[in-house]
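**Q** Structure below; questions to follow.
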Amino acid sequence: MQILEGRAWFEAGASLALMPLWQLAPRGDGHPVLVLPGLVASDRSTAIMRRFLGRLGYAVSPWGLGINFGPRPGVVEGMRRKIEQLAEAHGRKVSLVGWSLGGIYARELAKQLPSSVRLVISMASPFTGHPRASNAVRLYELVSGNRVGAPEFHDPLRASPPVPTTSIWSRSDGVVSWRCSVERRQPFVENIEIRASHLGIGNHPLALFATADRLAQPEHAWTPFQRDGWKKLLYGDPDRPPATR
C-alpha cells in the first residue's frame, strides 16, 4: 500500500484533466468553506480542491497558518478565529473540509463551535481505531512534539461532531489504516468509500465530486450520499466486510 502512494500524482493529474467537466458537479450556494491541509502540508496541497470548489460558487478559504506541524501553540486558536471571522463576514455557517490531520481539526472544531459550523467532511482522517495504526505516527510525534497514544487526548476524537459529518476514505490507503476512518452508523453521519491513495485523496476526482455533492445540500435538509446509478460503479460499499485471506 505504501508503494501505491505514488498514485497521488496521477490522481491530481486526473482532476486537472477533467477540469472542463467540473461544472457538471452540483453547484454551490455561496456559503463559506474552510479547507484544512494534512500533516506537514500547506495550503499549496489543497489548491486543486479549493479551485474546484471556488468554481462551483463557494466562498473558499485556505487555512492560512503555514505548514501543518500539528496542534502546536496558537494553531487551534488560529483556526477558531478563522471560522468565527468567516461566519461573521458572510453571515452564514462555515463548512469544514479537512484532509488527514486537517480532518481531525475539522471534527474537533465543529465540536467546539457548533453554532458556526454547517457540516464537516474529512478525508482519510484517523479519528478512531488504534491511535498508532498509521505510518505517519513517528513523523507526527517529531514535528508536533505530542505523544500519540494518550487516552485523554485520543479517546475524545472518536465522538462524532454535532453537525452533519462525512468521512471519505480508501481501503487502499498506504498511510492510515482505513478502519481508523470509519464512522459508526448513526443519524447525520456517513462513510463514503473510494479507491485512492492517502497522499492523493484530497485531489482525487471522486473525492472532489463527493465533496461537492455534500456541500450542495440545503443547510437544514441533509440526507446521506446516494450511491446509485453510475456512482454505484465508482464508489465502494462502505458496509461490506473486509476481504479475508
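In the C-alpha cells, chains take the letters A, B, ... in the order shown, each chain's residues start at 1, and ligands count up from 1 in the order shown.
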With DSSP run on the backbone, what are the alpha helix (DSSP H) residues within stretch 18-159 of chain A? I'd like them as a PyMOL selection string.
**A** chain A and resi 47-55+75-90+101-112+137-144+151-154
**Q** Need the shell around stretch 125-135 of chain A: protein/DNA/RNA residues with any atom at most 9 Å away, counting only C-alpha atoms. Skip same-chain ones fewer than 4 positions apart. Format as a PyMOL selection string?
**A** chain A and resi 2+38+98-104+107+139+148-150+154-159+167-169+174-183
**Q** Go through A:Ala17, A:Leu39, A:Ala196, A:Val60 and flag the residue nearest A:His90, using only C-alpha atoms for the distances.
**A**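 Result for the nearest residue to A:His90: A:Val60.
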**Q** With only C-alpha atoms as the basis for distance, which of A:Leu96, A:Tyr58, A:Pro162, A:Gly70 is at the shortest distance from A:Pro114?
**A** A:Pro162
**Q** Using only C-alpha atoms, which of the listed residues (A:Ser172, A:Gln112, A:Thr211, A:Gln217) sits closest to A:Arg195?
**A**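 Between A:Ser172, A:Gln112, A:Thr211, A:Gln217, the residue approaching A:Arg195 most closely is A:Ser172.
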**Q** Any idea what the distance is between atom CA of A:Arg81 and atom CA of A:Pro37?
**A**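 Separation of atom CA of A:Arg81 and atom CA of A:Pro37: 16.9 Å.
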**Q** Using backbone DSSP assignments, extract all strand (DSSP E) residues from stretch 48-119 of chain A; output them as a ChimeraX atom specification.
**A** /A:59-62,94-99,117-119
**Q** One decimal, in Å: what's the spacing between atom CA of A:Arg147 and atom CA of A:Glu77?
**A**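 Between these atoms lies a distance of 20.4 Å.
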**Q** If we count only C-alpha atoms, what is near A:Pro73 at a cut-off of 12 Å, once residues fewer than 6 positions away on the same chain are taken out, given as a list in words?
**A**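 Contacts, in chain order: Leu65, Met79, Ser144, Gly145 and Asn146 of chain A.
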**Q** Take the residues from that selection and write them out as a PDB file, in the first residue's frame, keeping N, CA and C atoms.
**A**
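Done, and the output landed in part.pdb:
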ATOM      1  N   LEU A  65      -2.230  29.131   7.876  1.00  0.00           N
ATOM      2  CA  LEU A  65      -1.353  29.004   9.042  1.00  0.00           C
ATOM      3  C   LEU A  65      -0.033  28.320   8.696  1.00  0.00           C
ATOM      4  N   MET A  79      -7.305  28.679  14.021  1.00  0.00           N
ATOM      5  CA  MET A  79      -8.396  28.112  13.232  1.00  0.00           C
ATOM      6  C   MET A  79      -9.751  28.543  13.789  1.00  0.00           C
ATOM      7  N   SER A 144       5.263  17.627  15.842  1.00  0.00           N
ATOM      8  CA  SER A 144       4.279  18.276  16.715  1.00  0.00           C
ATOM      9  C   SER A 144       4.734  18.367  18.165  1.00  0.00           C
ATOM     10  N   GLY A 145       5.620  17.428  18.555  1.00  0.00           N
ATOM     11  CA  GLY A 145       6.039  17.395  19.952  1.00  0.00           C
ATOM     12  C   GLY A 145       5.037  16.712  20.853  1.00  0.00           C
ATOM     13  N   ASN A 146       3.999  16.101  20.267  1.00  0.00           N
ATOM     14  CA  ASN A 146       2.966  15.410  21.043  1.00  0.00           C
ATOM     15  C   ASN A 146       3.151  13.906  20.934  1.00  0.00           C
TER      16      ASN A 146
END
**Q** So, counting only C-alpha atoms, which residue among A:His204, A:Arg50, A:His31, A:Arg80 is closest to A:Lys111?
**A**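 Between A:His204, A:Arg50, A:His31, A:Arg80, the residue approaching A:Lys111 most closely is A:Arg80.
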**Q** A:Leu208, A:Val163, A:Ile67, A:Met123: which is nearest A:Pro187, counting only C-alpha atoms?
**A**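 Comparing A:Leu208, A:Val163, A:Ile67, A:Met123 against A:Pro187, the winner is A:Val163.
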**Q** Excluding A:Leu24 and its own-chain neighbours fewer than 2 positions away, which residues fall within 12 Å of it when counting only C-alpha atoms? Please give them as a ChimeraX atom specification.
**A** /A:18-22,26-28,52,55-56,208-209,212-213
**Q** Save out the residues we just selected, C-alpha atoms, as a PDB file, in the first residue's frame.
**A**
ATOM      1  CA  LEU A  18     -11.209  16.692 -16.054  1.00  0.00           C
ATOM      2  CA  MET A  19     -11.344  20.439 -15.363  1.00  0.00           C
ATOM      3  CA  PRO A  20     -13.725  21.066 -18.308  1.00  0.00           C
ATOM      4  CA  LEU A  21     -16.222  18.748 -16.591  1.00  0.00           C
ATOM      5  CA  TRP A  22     -16.050  20.460 -13.187  1.00  0.00           C
ATOM      6  CA  PRO A  26     -23.568  20.173  -8.079  1.00  0.00           C
ATOM      7  CA  ARG A  27     -23.408  23.960  -7.826  1.00  0.00           C
ATOM      8  CA  GLY A  28     -22.814  25.704  -4.511  1.00  0.00           C
ATOM      9  CA  PHE A  52     -12.644  23.244  -7.799  1.00  0.00           C
ATOM     10  CA  ARG A  55     -15.598  27.375  -9.486  1.00  0.00           C
ATOM     11  CA  LEU A  56     -18.757  25.826  -8.088  1.00  0.00           C
ATOM     12  CA  LEU A 208     -13.953  16.136  -5.185  1.00  0.00           C
ATOM     13  CA  PHE A 209     -17.324  15.136  -6.642  1.00  0.00           C
ATOM     14  CA  ALA A 212     -19.356  18.968  -3.973  1.00  0.00           C
ATOM     15  CA  ASP A 213     -22.389  16.717  -3.562  1.00  0.00           C
TER      16      ASP A 213
END
